[in-house]
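Written below as structure tokens is the structure these notes are about.
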Amino acid sequence: MTISFEGRVAIVTGAGGGLGRAYALELARRGAKVVVNDLGAARDGTGQSDAALKVVEEIEQAGGTAMANGGSVTDEGQMVEMVAKAKEAWGAVHVLINNAGILRDKSFTKMTMDDWRLVVDVHLTGSATATKAVWDMMREQNYGRILMTASSTGLYGNFGQANYGAAKLGLAGFTKTLYLEGAKYNVKVNTIAPVAGTRMTEDIFPPEAFKAFAPENVVPAALFLVSEDAPTNQIVGAGAGFFHTAHVTMTKGKMLSAEDRTPEGVAAHWAEISDREGETVPKSGADQSMTILQSLQG
Ligand code: NAI
């Protein structure tokens, strides 16, 4: 089965380089009309350049269709305008890949609240701002595919990235409610946790690993997750050709007797409470509450 984006309009934020560029090129190669958004900032979020224009040129040279957008995902007006321009030119927006990102790595001791705010603003609030700009259209046209970009830092943690990790797991949380609200309208929402050799990771990977982790190796997962037959509410890890899913699980847990409902009781039963044997993945918060209720009755 070939996955085609013929007739689809896609927006990729932060697509002036790295992973976003790779997504945009392949979406266009598979027939999508692509909005290449990027304000062209440096890795720490400062400055501006014409990075988006260059990717549009690459797409056009390869015979594809694209439009550059230099707006910032942190600017609501610019995101609304970007979506309006895409709609005016191409009639709709079917796919949104929230990919723009910056780094302000520091141990939490050294991190200022400005470092915190800026990173949360671009990744988490920026993704919400771009998503808000397409959301009503996707509901009305009964079709939408949205991809959030998390990170292994968000899912599992990494030293020196408290701001980034909080924003990234926030995006997985955003997905988990948005997928429920979009389900009725054929809007599917997923999260990708990529690992790729880009300017974001150039000082982390040794040269060999940098090559193995080429952004092109993440593209298959990203494009599958925004395709017609995409699943929804998935967290997918992708890097160097390795693909996996990640889950927020619930252990079988333990209903404690009235006399055990003390900190000491929790300590005494900790092994059973945290035993991962037979754990499940609730489909929603309400699902988790139902499980607790059933445990009360049973
Ligand atoms: P990158 O630095 O090459 O790409 C990020 C792009 O976002 C840049 O082109 C930058 O100009 C753009 N950008 C920054 N602020 C923006 C704003 N306010 N509005 C619009 N565009 C903005 O880095 P890379 O690696 O391609 O990152 C893409 C995404 O993947 C990011 O969200 C990053 O956090 C995430 N990620 C990357 C990993 C990796 O191993 N490279 C690991 C985990 C997550």
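Ordering of the structure tokens sets the chain letters (A, B, ...); residue numbers start at 1 within each chain; ligands are numbered from 1 in the order shown.
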- Task: Name the residues in contact with Asn217 of chain A at a cut-off of 8 Å, using only C-alpha atoms, excluding same-chain residues fewer than 6 positions from it; report them as a PyMOL selection string.
- Result: chain A and resi 196+238-241
- Task: Could the residues that lie within 6 Å of ligand 1, counting only C-alpha atoms and all ligand atoms, be listed as a ChimeraX atom specification?
- Result: /A:13-20,38-43,45,72-74,99-102,122,149-151,193-201
Apply DSSP to the backbone of this structure and, from segment 59-274 of chain A, keep only the residues in strand (DSSP E or B); write these as an mmCIF file with N, CA, C and O atoms, in the first residue's frame.
data_model
loop_
_atom_site.group_PDB
_atom_site.id
_atom_site.type_symbol
_atom_site.label_atom_id
_atom_site.label_comp_id
_atom_site.auth_asym_id
_atom_site.auth_seq_id
_atom_site.Cartn_x
_atom_site.Cartn_y
_atom_site.Cartn_z
ATOM 1 N N THR A 65 5.175 21.455 -4.572
ATOM 2 C CA THR A 65 4.502 22.728 -4.346
ATOM 3 C C THR A 65 4.637 23.118 -2.880
ATOM 4 O O THR A 65 4.304 22.311 -1.995
ATOM 5 N N ALA A 66 5.108 24.314 -2.623
ATOM 6 C CA ALA A 66 5.283 24.739 -1.235
ATOM 7 C C ALA A 66 5.200 26.253 -1.120
ATOM 8 O O ALA A 66 5.328 26.969 -2.104
ATOM 9 N N MET A 67 4.967 26.688 0.111
ATOM 10 C CA MET A 67 4.886 28.123 0.406
ATOM 11 C C MET A 67 5.686 28.364 1.685
ATOM 12 O O MET A 67 5.606 27.569 2.627
ATOM 13 N N ALA A 68 6.472 29.425 1.697
ATOM 14 C CA ALA A 68 7.259 29.720 2.896
ATOM 15 C C ALA A 68 6.455 30.579 3.856
ATOM 16 O O ALA A 68 5.640 31.408 3.434
ATOM 17 N N ASN A 69 6.667 30.352 5.139
ATOM 18 C CA ASN A 69 6.040 31.194 6.149
ATOM 19 C C ASN A 69 7.059 31.461 7.249
ATOM 20 O O ASN A 69 7.584 30.531 7.844
ATOM 21 N N VAL A 95 -3.109 18.584 7.381
ATOM 22 C CA VAL A 95 -2.053 18.019 8.230
ATOM 23 C C VAL A 95 -1.295 19.151 8.916
ATOM 24 O O VAL A 95 -0.961 20.146 8.283
ATOM 25 N N LEU A 96 -1.060 18.975 10.216
ATOM 26 C CA LEU A 96 -0.190 19.917 10.928
ATOM 27 C C LEU A 96 0.865 19.126 11.691
ATOM 28 O O LEU A 96 0.521 18.276 12.524
ATOM 29 N N ILE A 97 2.119 19.397 11.394
ATOM 30 C CA ILE A 97 3.199 18.797 12.186
ATOM 31 C C ILE A 97 3.834 19.897 13.041
ATOM 32 O O ILE A 97 4.446 20.825 12.523
ATOM 33 N N LYS A 106 20.331 23.776 30.715
ATOM 34 C CA LYS A 106 21.094 24.135 31.922
ATOM 35 C C LYS A 106 20.571 23.262 33.042
ATOM 36 O O LYS A 106 19.394 22.900 33.021
ATOM 37 N N GLY A 144 -8.528 15.718 9.818
ATOM 38 C CA GLY A 144 -7.333 16.395 10.321
ATOM 39 C C GLY A 144 -6.343 15.384 10.864
ATOM 40 O O GLY A 144 -6.706 14.347 11.427
ATOM 41 N N ARG A 145 -5.082 15.663 10.642
ATOM 42 C CA ARG A 145 -4.008 14.822 11.197
ATOM 43 C C ARG A 145 -3.003 15.766 11.847
ATOM 44 O O ARG A 145 -2.430 16.635 11.175
ATOM 45 N N ILE A 146 -2.808 15.606 13.156
ATOM 46 C CA ILE A 146 -1.913 16.502 13.889
ATOM 47 C C ILE A 146 -0.838 15.673 14.578
ATOM 48 O O ILE A 146 -1.135 14.638 15.195
ATOM 49 N N LEU A 147 0.391 16.127 14.448
ATOM 50 C CA LEU A 147 1.498 15.438 15.103
ATOM 51 C C LEU A 147 2.216 16.405 16.047
ATOM 52 O O LEU A 147 2.604 17.505 15.638
ATOM 53 N N MET A 148 2.347 16.009 17.292
ATOM 54 C CA MET A 148 3.138 16.778 18.269
ATOM 55 C C MET A 148 4.536 16.176 18.317
ATOM 56 O O MET A 148 4.699 14.972 18.087
ATOM 57 N N THR A 149 5.507 16.989 18.687
ATOM 58 C CA THR A 149 6.864 16.466 18.808
ATOM 59 C C THR A 149 7.303 16.473 20.267
ATOM 60 O O THR A 149 7.513 17.531 20.855
ATOM 61 N N GLN A 161 17.793 19.366 31.209
ATOM 62 C CA GLN A 161 16.715 19.747 30.292
ATOM 63 C C GLN A 161 15.351 19.795 30.990
ATOM 64 O O GLN A 161 14.350 19.320 30.451
ATOM 65 N N VAL A 187 -10.395 13.696 13.358
ATOM 66 C CA VAL A 187 -9.117 14.373 13.582
ATOM 67 C C VAL A 187 -8.273 13.455 14.469
ATOM 68 O O VAL A 187 -8.676 13.131 15.590
ATOM 69 N N LYS A 188 -7.169 13.001 13.924
ATOM 70 C CA LYS A 188 -6.306 12.086 14.663
ATOM 71 C C LYS A 188 -5.065 12.826 15.159
ATOM 72 O O LYS A 188 -4.504 13.646 14.430
ATOM 73 N N VAL A 189 -4.691 12.538 16.388
ATOM 74 C CA VAL A 189 -3.603 13.285 17.023
ATOM 75 C C VAL A 189 -2.594 12.311 17.628
ATOM 76 O O VAL A 189 -2.970 11.419 18.393
ATOM 77 N N ASN A 190 -1.349 12.471 17.255
ATOM 78 C CA ASN A 190 -0.295 11.586 17.743
ATOM 79 C C ASN A 190 0.916 12.389 18.192
ATOM 80 O O ASN A 190 1.016 13.591 17.926
ATOM 81 N N THR A 191 1.840 11.697 18.833
ATOM 82 C CA THR A 191 3.074 12.318 19.303
ATOM 83 C C THR A 191 4.263 11.514 18.800
ATOM 84 O O THR A 191 4.251 10.285 18.891
ATOM 85 N N ILE A 192 5.272 12.218 18.306
ATOM 86 C CA ILE A 192 6.496 11.523 17.914
ATOM 87 C C ILE A 192 7.623 11.950 18.868
ATOM 88 O O ILE A 192 7.684 13.102 19.285
ATOM 89 N N ALA A 193 8.447 10.999 19.223
ATOM 90 C CA ALA A 193 9.647 11.299 20.020
ATOM 91 C C ALA A 193 10.845 10.901 19.161
ATOM 92 O O ALA A 193 11.260 9.742 19.158
ATOM 93 N N PRO A 194 11.364 11.870 18.405
ATOM 94 C CA PRO A 194 12.432 11.535 17.456
ATOM 95 C C PRO A 194 13.813 11.520 18.111
ATOM 96 O O PRO A 194 14.008 12.103 19.175
ATOM 97 N N ILE A 235 2.144 7.420 21.024
ATOM 98 C CA ILE A 235 3.450 8.065 21.231
ATOM 99 C C ILE A 235 4.465 7.137 20.576
ATOM 100 O O ILE A 235 4.589 5.976 20.972
ATOM 101 N N VAL A 236 5.125 7.648 19.548
ATOM 102 C CA VAL A 236 6.025 6.786 18.773
ATOM 103 C C VAL A 236 7.457 7.321 18.827
ATOM 104 O O VAL A 236 7.703 8.484 18.510
ATOM 105 N N GLY A 237 8.361 6.475 19.243
ATOM 106 C CA GLY A 237 9.779 6.820 19.242
ATOM 107 C C GLY A 237 10.396 6.394 17.916
ATOM 108 O O GLY A 237 10.074 5.320 17.401
ATOM 109 N N ALA A 238 11.252 7.246 17.336
ATOM 110 C CA ALA A 238 11.854 6.909 16.045
ATOM 111 C C ALA A 238 13.245 7.506 15.953
ATOM 112 O O ALA A 238 13.452 8.683 16.251
ATOM 113 N N GLY A 239 14.214 6.689 15.554
ATOM 114 C CA GLY A 239 15.565 7.178 15.336
ATOM 115 C C GLY A 239 16.443 6.103 14.767
ATOM 116 O O GLY A 239 16.342 4.931 15.177
ATOM 117 N N PHE A 242 15.052 2.700 13.976
ATOM 118 C CA PHE A 242 14.400 1.931 15.047
ATOM 119 C C PHE A 242 13.100 2.633 15.423
ATOM 120 O O PHE A 242 13.075 3.855 15.602
ATOM 121 N N PHE A 243 12.028 1.862 15.540
ATOM 122 C CA PHE A 243 10.708 2.435 15.838
ATOM 123 C C PHE A 243 10.097 1.705 17.033
ATOM 124 O O PHE A 243 10.162 0.485 17.098
ATOM 125 N N HIS A 244 9.514 2.457 17.960
ATOM 126 C CA HIS A 244 8.827 1.812 19.093
ATOM 127 C C HIS A 244 7.680 2.703 19.553
ATOM 128 O O HIS A 244 7.596 3.870 19.154
ATOM 129 N N THR A 245 6.794 2.139 20.372
ATOM 130 C CA THR A 245 5.762 2.987 20.958
ATOM 131 C C THR A 245 6.048 3.130 22.449
ATOM 132 O O THR A 245 6.768 2.325 23.036
ATOM 133 N N ALA A 246 5.508 4.180 23.031
ATOM 134 C CA ALA A 246 5.668 4.419 24.472
ATOM 135 C C ALA A 246 4.274 4.633 25.058
ATOM 136 O O ALA A 246 3.385 5.152 24.374
ATOM 137 N N MET A 250 -1.022 1.956 33.714
ATOM 138 C CA MET A 250 -1.610 1.926 35.059
ATOM 139 C C MET A 250 -1.376 0.522 35.608
ATOM 140 O O MET A 250 -1.751 -0.463 34.961
#
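Across the structure, atom CA of Ala86 of chain A and atom CA of Ala230 of chain A are spaced 22.8 Å apart.
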Show which residues sit within 7 Å of segment 23-30 of chain A, as a compact mmCIF listing (two decimals) with C-alpha atoms, in the first residue's frame. Count only C-alpha atoms, and ignore same-chain residues fewer than 6 positions away.
# COMPACT_ATOMS: atom_id res chain seq x y z
CA SER A 4 0.05 9.32 -0.74
CA PHE A 5 -0.54 12.93 0.26
CA GLU A 6 -1.95 13.90 -3.14
CA VAL A 12 5.21 21.79 9.11
CA ALA A 15 10.75 23.19 8.76
CA VAL A 36 7.19 25.46 5.29
CA ILE A 59 10.83 21.47 -2.87
CA GLY A 64 6.76 19.95 -5.59
CA THR A 65 4.50 22.73 -4.35
CA VAL A 219 10.44 10.57 8.40
